[in-house]
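To keep things clear, I will list the structure first and then write my remarks on it.
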Amino acid sequence: VRYGEEMVERGAGGELHQTAGDGRKSLTTQQGIVVSDDQNTLRAGERGPDLLEDFHFREKIFHFDHERIPERVVHARGFGAHGFFETYESLSDITRADLFQQSGQRTEAFVRFSTVAGSRGSFDLARDVRGFAVKLYTREGNWDLVGNNIPVFFIQDAIKFPDVIHAAKPEPDRGFPQAQTAHDNFWDFASLMPESTHMLMWIMSDRAIPRSFRFMEGFGVHTFRLVNAEGRSTFVKFHWKPKQGLQSVVWNEAVKINGADPDFHRRDLWDAINRGAYPEWELGLQLFDDDFADRFAFDVLDPTKIIPEEEVPLRRVGRLVLDRVVDNFFAETEQVAFCTQNIVPGIDFTNDPLLQGRNFSYLDTQLKRLGGPNFTQLRVNAPRCPVAHFQQDGHMAMANPTSRANYEPNSWPPDEGGPREDPMRGFTTYPSQESGPKRRLRAESFADHYSQARLFYMSQAPVERRHIADAFVFELSKCDRADIRTRMVAGLRNVDDDLARIVADGLGLAELPDPLPAARETVRDLTP
Ligand code: HEM
């Protein structure tokens with residue numbers, strides 16, 4: 001019979017069989033065997049039992065049983081899109097990175113935005129940091145700029161990362177709260193880690209509830225290096241500036257949106273791209289040299305500090321455009337693997353202890369999340385430039401070396417000997433001078449935890465300050481332990497007494513606690 005436009009048959013039990021033909025492909029097994037009946041298992045007799053020999057049933061269920069992979073240990077909920085980066089003008093005087101050599105040069109890009117604390121199925125409008133991870137498929141290999149929408153971080157040393165994330169995620173005994181900073185463990189940790197104060201001011205601000213991904217800034221956070229063809233290094237901080245502008249919602253809106261449409265941010269990006277309203281960001285560079293780094297009031301290796309744009313203005317060097325949604329969410333957005341260690345010739349790391357730790361963490365976690373060492377061969381992760389090496393085998397090896405030799409040095413002729421080192425074009429590490437005794441002691445130059453928190457608070461408009469205070473009151477009021485609430489207020493006294501007082505009043509504290517001892521006097525004259 002015809003059913004609408006389709007060929008349809010009814011089975012003995014009345015079940016619908018939508019059959020091939022009229023341009024519809026035949027359904028097959030993974031082995032390419034055409035399937036004749038996808039509604040009924042093979043069984044003995046009229047009423048069963050099922051027969052083990054039904055290879056189509058077994059294959060279908062087996063594959064379904066294995067559909068899930070672990071979600072990311074952080075940034076589990078995210079949304080990605082394709083696009084390109086376009087360089088405005090040559091930056092060959094400061095970097096040899098291929099993507100920055102010519103004006104108008106375009107580089108393919110994939111971007112994934114995310115929340116940090118919530119699980120894969122959590123809601124979009126959580127009060128949280130947003131990930132802003134960019135993969136640039138340059139002609140000299142993949143460069144991943146794995147950033148956030150906030151320019152600083154909670155901790156100064158990667159060894160504290162498991163602690164800050166454990167404290168932020170649901171509590172281990174009860175498994176809640178989901179995707180919220182409003183709980184004892186988070187504030188207990190935060191109140192005992194004064195270095196998190198600057199970041200806390202940002203995540204209690206409107207920045208942590210963006211209107212959508214399209215209206216957020218992005219930051220590389222750490223200081224990196226750019227290195228030119230002569231080997232000269234310039235320090236750099238990376239910024240993404242949204243051409244759409246910077247917009248947030250207020251907390252009451254966020255709460256309602258989460259209830260009405262927990263997918264609000266991903267739907268917004270999907271819809272915008274599909275209707276041709278391609279979001280754009282400009283890449284801004286803060287460039288500075290060793291002299292500035294030595295003069296600056298804070299350590300440029302400290303990821304809890306910014307360099308104010310008044311001191312080092314941004315140089316806008318290109319634009320990032322997102323113009324294509326993914327074909328498949330899992331294949332692309334879930335399987336994409338960003339990694340801070342993915343840098344290209346012309347870009348290099350610094351000794352920021354958070355960055356150095358991240359360089360270990362991403363590859364390690366992806367090995368598990370993506371099931372082995374060959375995830376770089378997945379389409380979304382594979383470079384778009386030639387790849388030639390002797391790394392081979394392992395689970396799912398789809399691009400093993402094809403040369404006779406799989407080692408080097410070797411004496412095979414070019415067509416059988418495989419690739420060779422290339423000192424002229426290859427990546428070389430910037431030869432910075434390093435020395436000193438091994439130690440675990442934190443640098444004294446990292447010790448002022450409050451001045452920039454205060455600088456941020458004072459830079460906010462009165463209504464934005466009110467939002468920050470309200471957010472502290474709301475979040476801390478969900479904290480059961482009075483001593484934690486008091487300790488947080490004591491820390492806030494080192495930022496601003498008015499703020500501490502409003503929060504104390506909001507929490508019903510009988511009196512203002514003494515300020516927490518500050519490791520180093522705050523530099524009050526930084527207040528604008
Ligand atoms: C994932 C940013 C610090 C470990 C991510 C993602 C972003 C990000 C954007 C999501 C990537 C994606 O969309 O797939 C940052 C920033 C940091 C920071 C800006 C500080 C400035 C750290 C530290 C560690 C770490 C210190 C560990 C030492 C991870 C891990 C993942 C992740 C394990 C999951 C990666 C995956 O499964 O693919 N981070 N992160 N991050 N980050 Fe970070």
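We name chains A, B, ... following the order of the structure tokens; residues begin at 1 in each chain, and ligands are numbered from 1 as shown.
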
Compile the contact shell of segment 418-428 of chain A as a compact mmCIF listing (two decimals) with N, CA and C atoms, in the first residue's frame: residues with an atom at most 10 Å away, counting only C-alpha atoms, same-chain residues fewer than 4 positions apart removed.
```
# COMPACT_ATOMS: atom_id res chain seq x y z
N GLU A 140 50.18 24.79 9.26
CA GLU A 140 51.33 24.18 9.95
C GLU A 140 50.87 23.44 11.20
N VAL A 227 56.68 34.10 18.80
CA VAL A 227 58.11 34.07 18.43
C VAL A 227 58.21 34.29 16.93
N GLY A 231 63.57 34.48 15.94
CA GLY A 231 63.65 33.88 17.28
C GLY A 231 63.37 34.88 18.39
N ILE A 343 50.12 23.62 20.02
CA ILE A 343 50.54 24.94 19.54
C ILE A 343 51.36 24.74 18.27
N VAL A 344 51.57 25.81 17.55
CA VAL A 344 52.23 25.73 16.24
C VAL A 344 53.51 26.56 16.27
N PRO A 345 54.42 26.35 15.31
CA PRO A 345 55.63 27.18 15.27
C PRO A 345 55.25 28.66 15.26
N GLY A 346 55.90 29.45 16.12
CA GLY A 346 55.58 30.87 16.21
C GLY A 346 54.80 31.21 17.47
N ILE A 347 54.33 30.16 18.18
CA ILE A 347 53.60 30.35 19.45
C ILE A 347 54.28 29.45 20.47
N ASP A 348 54.39 29.92 21.72
CA ASP A 348 55.03 29.06 22.73
C ASP A 348 54.42 29.32 24.10
N VAL A 387 50.03 15.09 7.44
CA VAL A 387 50.48 14.48 8.70
C VAL A 387 51.31 13.26 8.33
N ALA A 388 52.52 13.15 8.85
CA ALA A 388 53.38 12.01 8.52
C ALA A 388 54.25 11.70 9.73
N HIS A 389 54.10 10.52 10.29
CA HIS A 389 54.90 10.13 11.45
C HIS A 389 54.94 8.62 11.53
N PHE A 390 55.61 8.09 12.54
CA PHE A 390 55.71 6.63 12.68
C PHE A 390 54.88 6.11 13.85
N PRO A 401 51.11 4.45 9.38
CA PRO A 401 52.10 4.82 8.37
C PRO A 401 52.12 3.77 7.25
N THR A 402 52.31 4.23 6.03
CA THR A 402 52.25 3.29 4.90
C THR A 402 53.63 3.01 4.31
N SER A 403 54.68 3.63 4.86
CA SER A 403 56.02 3.42 4.31
C SER A 403 56.57 2.06 4.74
N ARG A 404 57.62 1.60 4.07
CA ARG A 404 58.27 0.34 4.45
C ARG A 404 58.87 0.48 5.85
N ALA A 405 59.54 1.60 6.07
CA ALA A 405 60.15 1.83 7.38
C ALA A 405 59.16 2.52 8.30
N ASN A 406 59.13 2.05 9.56
CA ASN A 406 58.31 2.74 10.56
C ASN A 406 59.18 3.15 11.74
N TYR A 407 60.40 3.56 11.44
CA TYR A 407 61.38 3.99 12.44
C TYR A 407 62.34 4.92 11.72
N GLU A 408 63.07 5.70 12.48
CA GLU A 408 64.12 6.50 11.86
C GLU A 408 65.23 6.74 12.89
N PRO A 409 66.51 6.87 12.50
CA PRO A 409 66.94 6.95 11.09
C PRO A 409 66.76 5.60 10.38
N ASN A 410 66.61 5.67 9.05
CA ASN A 410 66.59 4.45 8.24
C ASN A 410 67.29 4.74 6.92
N TRP A 412 66.26 3.53 3.88
CA TRP A 412 65.39 3.25 2.75
C TRP A 412 65.27 4.48 1.84
N PRO A 413 65.06 4.26 0.56
CA PRO A 413 64.93 5.41 -0.36
C PRO A 413 63.66 6.20 -0.01
N PRO A 414 63.54 7.45 -0.56
CA PRO A 414 62.45 8.34 -0.13
C PRO A 414 61.07 7.72 -0.18
```

For this session: Within 7 Å of Lys135 of chain A, counting only C-alpha atoms, which residues show up once you throw out same-chain ones fewer than 3 positions away? Write them as an MDAnalysis selection string, please.
Result: chainID A and resid 109:111 142:145 338

For C-alpha atoms, I'd like the residues from the last selection saved as a tab-separated table (two decimals), in the first residue's frame.
```tsv
chain	number	residue	atom	x	y	z
A	109	ALA	CA	38.10	26.77	12.84
A	110	PHE	CA	35.95	24.72	15.20
A	111	VAL	CA	34.69	26.28	18.43
A	142	ASN	CA	46.41	22.54	14.80
A	143	TRP	CA	46.53	25.39	17.28
A	144	ASP	CA	44.04	25.08	20.16
A	145	LEU	CA	43.32	28.19	22.18
A	338	PHE	CA	40.99	20.55	22.57
```

Write out as a tab-separated table (two decimals) with C-alpha atoms, in the first residue's frame each polymer residue (protein, DNA or RNA) that has an atom no more than 7 Å from ligand 1, with only C-alpha atoms and all ligand atoms counted.
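Output file out09.tsv follows:
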```tsv
chain	number	residue	atom	x	y	z
A	72	ARG	CA	34.16	15.37	30.01
A	73	VAL	CA	35.38	15.52	33.61
A	74	VAL	CA	34.76	19.29	33.40
A	75	HIS	CA	33.01	21.35	30.70
A	78	GLY	CA	28.87	22.24	25.46
A	112	ARG	CA	33.06	24.65	21.45
A	113	PHE	CA	31.37	26.74	24.14
A	114	SER	CA	30.56	25.11	27.47
A	131	GLY	CA	34.45	27.58	28.14
A	132	PHE	CA	35.49	29.20	24.86
A	133	ALA	CA	37.67	26.61	23.13
A	146	VAL	CA	41.42	26.63	25.08
A	147	GLY	CA	39.99	29.62	26.89
A	148	ASN	CA	37.13	30.80	29.07
A	152	VAL	CA	41.34	34.84	35.32
A	153	PHE	CA	41.08	31.51	37.11
A	158	ALA	CA	47.30	23.08	38.45
A	159	ILE	CA	47.86	20.76	41.43
A	161	PHE	CA	42.52	21.71	39.95
A	220	GLY	CA	43.30	32.63	26.68
A	221	VAL	CA	43.90	33.55	30.37
A	222	HIS	CA	47.60	32.67	30.53
A	303	PRO	CA	46.64	33.27	36.07
A	336	VAL	CA	36.33	17.16	19.58
A	337	ALA	CA	39.46	17.19	21.72
A	338	PHE	CA	40.99	20.55	22.57
A	354	LEU	CA	48.45	26.45	35.65
A	355	LEU	CA	49.25	26.27	31.95
A	357	GLY	CA	49.70	21.49	34.39
A	358	ARG	CA	46.99	21.83	31.77
A	361	SER	CA	45.90	17.03	31.72
A	362	TYR	CA	44.02	17.34	28.43
A	365	THR	CA	41.92	12.69	29.98
A	366	GLN	CA	41.12	12.45	26.26
A	369	ARG	CA	37.33	9.78	27.17
```

For this session: Give the answer as one residue: which of A:Thr234, A:Thr87, A:Ser191, A:Thr29 has the shortest atom-to-atom distance to Asp54 of chain A, using only C-alpha atoms?
Result: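 Of all the options, A:Thr29 lies closest to Asp54 of chain A.
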
Using DSSP secondary structure from the backbone, list all strand (DSSP E) positions within segment 11-222 of chain A, as a CSV table (one decimal) with N, CA and C atoms, in the first residue's frame.
```csv
chain,number,residue,atom,x,y,z
A,16,LEU,N,4.1,-1.5,11.4
A,16,LEU,CA,4.3,-0.7,10.1
A,16,LEU,C,5.7,-1.1,9.5
A,17,HIS,N,5.8,-1.5,8.3
A,17,HIS,CA,7.0,-1.7,7.6
A,17,HIS,C,7.2,-0.6,6.5
A,18,GLN,N,8.1,0.3,6.8
A,18,GLN,CA,8.3,1.3,5.8
A,18,GLN,C,9.4,0.8,4.9
A,78,GLY,N,28.4,21.2,26.4
A,78,GLY,CA,28.9,22.2,25.5
A,78,GLY,C,28.2,22.2,24.1
A,79,PHE,N,28.5,23.2,23.3
A,79,PHE,CA,27.9,23.2,22.0
A,79,PHE,C,28.9,23.8,21.0
A,80,GLY,N,29.1,23.2,19.9
A,80,GLY,CA,30.1,23.5,18.9
A,80,GLY,C,29.6,24.0,17.6
A,81,ALA,N,30.5,24.7,16.8
A,81,ALA,CA,30.1,25.1,15.5
A,81,ALA,C,31.4,25.3,14.7
A,82,HIS,N,31.3,25.2,13.4
A,82,HIS,CA,32.4,25.4,12.5
A,82,HIS,C,32.5,26.9,12.0
A,83,GLY,N,33.7,27.3,11.5
A,83,GLY,CA,33.8,28.6,11.0
A,83,GLY,C,35.2,28.8,10.5
A,84,PHE,N,35.6,30.1,10.5
A,84,PHE,CA,37.0,30.4,10.0
A,84,PHE,C,37.6,31.6,10.8
A,85,PHE,N,38.9,31.7,10.8
A,85,PHE,CA,39.6,32.9,11.3
A,85,PHE,C,40.2,33.6,10.1
A,86,GLU,N,40.1,34.9,10.1
A,86,GLU,CA,40.7,35.7,9.0
A,86,GLU,C,41.6,36.7,9.6
A,87,THR,N,42.9,36.7,9.1
A,87,THR,CA,43.9,37.6,9.6
A,87,THR,C,43.7,39.0,8.9
A,106,ARG,N,42.7,33.0,5.5
A,106,ARG,CA,41.7,32.4,6.2
A,106,ARG,C,42.1,31.0,6.7
A,107,THR,N,41.7,30.7,7.9
A,107,THR,CA,42.1,29.4,8.6
A,107,THR,C,40.8,28.8,9.1
A,108,GLU,N,40.5,27.5,8.7
A,108,GLU,CA,39.3,26.8,9.2
A,108,GLU,C,39.4,26.7,10.8
A,109,ALA,N,38.2,26.8,11.4
A,109,ALA,CA,38.1,26.8,12.8
A,109,ALA,C,36.9,25.9,13.3
A,110,PHE,N,37.1,25.3,14.5
A,110,PHE,CA,35.9,24.7,15.2
A,110,PHE,C,36.0,25.3,16.6
A,111,VAL,N,34.8,25.7,17.1
A,111,VAL,CA,34.7,26.3,18.4
A,111,VAL,C,33.7,25.5,19.3
A,112,ARG,N,34.0,25.3,20.5
A,112,ARG,CA,33.1,24.7,21.5
A,112,ARG,C,32.9,25.5,22.7
A,113,PHE,N,31.7,26.0,22.9
A,113,PHE,CA,31.4,26.7,24.1
A,113,PHE,C,30.8,25.8,25.2
A,114,SER,N,31.0,26.1,26.5
A,114,SER,CA,30.6,25.1,27.5
A,114,SER,C,30.3,25.8,28.8
A,115,THR,N,29.6,25.1,29.7
A,115,THR,CA,29.6,25.4,31.1
A,115,THR,C,30.7,24.5,31.7
A,130,ARG,N,32.1,30.1,31.4
A,130,ARG,CA,31.8,29.4,30.2
A,130,ARG,C,33.2,29.1,29.5
A,131,GLY,N,33.3,27.9,28.9
A,131,GLY,CA,34.4,27.6,28.1
A,131,GLY,C,34.3,28.2,26.8
A,132,PHE,N,35.4,28.6,26.2
A,132,PHE,CA,35.5,29.2,24.9
A,132,PHE,C,36.7,28.6,24.2
A,133,ALA,N,36.5,27.4,23.6
A,133,ALA,CA,37.7,26.6,23.1
A,133,ALA,C,37.7,26.7,21.6
A,134,VAL,N,38.8,27.1,21.1
A,134,VAL,CA,38.9,27.3,19.6
A,134,VAL,C,40.0,26.4,19.0
A,135,LYS,N,39.6,25.7,18.0
A,135,LYS,CA,40.6,24.8,17.3
A,135,LYS,C,40.9,25.5,15.9
A,136,LEU,N,42.1,25.8,15.7
A,136,LEU,CA,42.4,26.5,14.4
A,136,LEU,C,43.2,25.5,13.6
A,137,TYR,N,42.7,25.1,12.4
A,137,TYR,CA,43.4,24.1,11.6
A,137,TYR,C,44.3,24.8,10.7
A,138,THR,N,45.5,25.2,11.2
A,138,THR,CA,46.4,26.0,10.4
A,138,THR,C,47.2,25.1,9.4
A,141,GLY,N,49.7,22.9,11.2
A,141,GLY,CA,49.2,22.1,12.3
A,141,GLY,C,48.1,22.8,13.1
A,142,ASN,N,47.5,22.0,14.0
A,142,ASN,CA,46.4,22.5,14.8
A,142,ASN,C,46.9,23.4,16.0
A,143,TRP,N,46.3,24.5,16.1
A,143,TRP,CA,46.5,25.4,17.3
A,143,TRP,C,45.2,25.5,18.0
A,144,ASP,N,45.2,25.0,19.3
A,144,ASP,CA,44.0,25.1,20.2
A,144,ASP,C,44.2,26.2,21.2
A,145,LEU,N,43.3,27.2,21.2
A,145,LEU,CA,43.3,28.2,22.2
A,145,LEU,C,42.1,27.9,23.1
A,146,VAL,N,42.5,27.2,24.2
A,146,VAL,CA,41.4,26.6,25.1
A,146,VAL,C,41.1,27.6,26.2
A,147,GLY,N,40.2,28.5,26.0
A,147,GLY,CA,40.0,29.6,26.9
A,147,GLY,C,38.6,29.6,27.6
A,148,ASN,N,38.4,30.6,28.3
A,148,ASN,CA,37.1,30.8,29.1
A,148,ASN,C,36.6,32.2,28.8
A,218,GLY,N,36.0,36.1,25.1
A,218,GLY,CA,36.8,34.9,25.4
A,218,GLY,C,38.2,35.3,25.8
A,219,PHE,N,38.9,34.5,26.6
A,219,PHE,CA,40.2,34.8,27.0
A,219,PHE,C,41.1,33.6,27.0
```

Determine, using only C-alpha atoms, which residues of segment 243-331 of chain A have any atom at most 8 Å from an atom of segment 210-215 of chain A, and tabulate each with its shortest atom pair and distance in Å to one decimal place, rows ordered by chain and then rising number, as a Markdown table.
```
| residue | atom | partner | partner_atom | distance |
| --- | --- | --- | --- | --- |
| A:Gln244 | CA | A:Phe215 | CA | 5.9 |
| A:Gly245 | CA | A:Phe215 | CA | 5.7 |
| A:Leu246 | CA | A:Phe215 | CA | 4.8 |
| A:Gln247 | CA | A:Phe215 | CA | 5.3 |
| A:Ser248 | CA | A:Pro210 | CA | 4.0 |
| A:Val249 | CA | A:Arg211 | CA | 5.1 |
| A:Phe264 | CA | A:Ser212 | CA | 7.8 |
| A:His265 | CA | A:Ser212 | CA | 5.2 |
| A:Asp268 | CA | A:Ser212 | CA | 6.8 |
| A:Leu269 | CA | A:Phe213 | CA | 7.0 |
| A:Pro279 | CA | A:Arg214 | CA | 6.0 |
| A:Glu280 | CA | A:Arg214 | CA | 7.8 |
```

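Excluding Trp240 of chain A itself and same-chain residues fewer than 5 positions from it, the residues having an atom within 8 Å of it are Glu217, Gly218, Phe219, Trp281, Glu282, Leu283 and Gly284 of chain A, counting only C-alpha atoms.
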
For this session: Provide the atom CA of Leu499 of chain A to atom CA of Ala168 of chain A distance in Å, to one decimal place.
Result: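 Spanning atom CA of Leu499 of chain A to atom CA of Ala168 of chain A is a straight-line distance of 23.2 Å.
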
For this session: Taking the chain letters and numbering used in this document, name the residues of segment 117-314 of chain A that DSSP puts in alpha helix (DSSP H), as a PyMOL selection string.
Result: chain A and resi 161-168+184-192+197-203+251-260+264-274+290-295

Just to be explicit: take each residue in the selection above, keep C-alpha atoms, and write the result as a compact mmCIF listing (two decimals), in the first residue's frame.
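Full text of selection.txt as output:
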```txt
# COMPACT_ATOMS: atom_id res chain seq x y z
CA PHE A 161 42.52 21.71 39.95
CA PRO A 162 41.03 18.40 41.20
CA ASP A 163 40.21 20.14 44.50
CA VAL A 164 38.47 23.16 43.02
CA ILE A 165 36.45 20.94 40.67
CA HIS A 166 35.53 18.41 43.37
CA ALA A 167 34.38 21.31 45.55
CA ALA A 168 32.28 22.80 42.75
CA ASP A 184 28.84 24.27 51.48
CA ASN A 185 31.67 22.47 49.74
CA PHE A 186 32.21 25.12 47.10
CA TRP A 187 32.21 28.02 49.55
CA ASP A 188 34.24 26.11 52.10
CA PHE A 189 37.01 25.65 49.54
CA ALA A 190 36.69 29.16 48.12
CA SER A 191 36.83 30.79 51.55
CA LEU A 192 40.02 28.87 52.36
CA THR A 197 38.88 35.90 45.32
CA HIS A 198 39.41 37.71 42.02
CA MET A 199 37.70 34.91 40.10
CA LEU A 200 34.84 34.85 42.62
CA MET A 201 34.12 38.50 41.88
CA TRP A 202 33.82 37.65 38.19
CA ILE A 203 31.61 34.59 38.68
CA TRP A 251 19.46 36.17 37.73
CA ASN A 252 15.65 36.07 37.73
CA GLU A 253 15.66 35.75 33.96
CA ALA A 254 18.28 33.00 34.13
CA VAL A 255 16.19 31.01 36.57
CA LYS A 256 13.07 31.28 34.40
CA ILE A 257 14.90 30.47 31.18
CA ASN A 258 16.44 27.37 32.76
CA GLY A 259 12.98 26.16 33.67
CA ALA A 260 11.36 26.99 30.35
CA PHE A 264 18.49 28.15 25.48
CA HIS A 265 22.14 28.83 24.64
CA ARG A 266 22.64 25.97 22.25
CA ARG A 267 19.34 26.71 20.51
CA ASP A 268 20.36 30.37 20.17
CA LEU A 269 23.63 29.48 18.42
CA TRP A 270 22.02 26.86 16.19
CA ASP A 271 19.22 29.23 15.15
CA ALA A 272 21.51 32.22 14.57
CA ILE A 273 23.87 30.29 12.29
CA ASN A 274 21.03 28.63 10.40
CA ASP A 290 60.30 41.50 29.42
CA ASP A 291 60.72 45.09 30.58
CA PHE A 292 56.99 45.52 30.99
CA ALA A 293 56.72 42.11 32.70
CA ASP A 294 59.41 43.18 35.19
CA ARG A 295 57.75 46.57 35.82
```
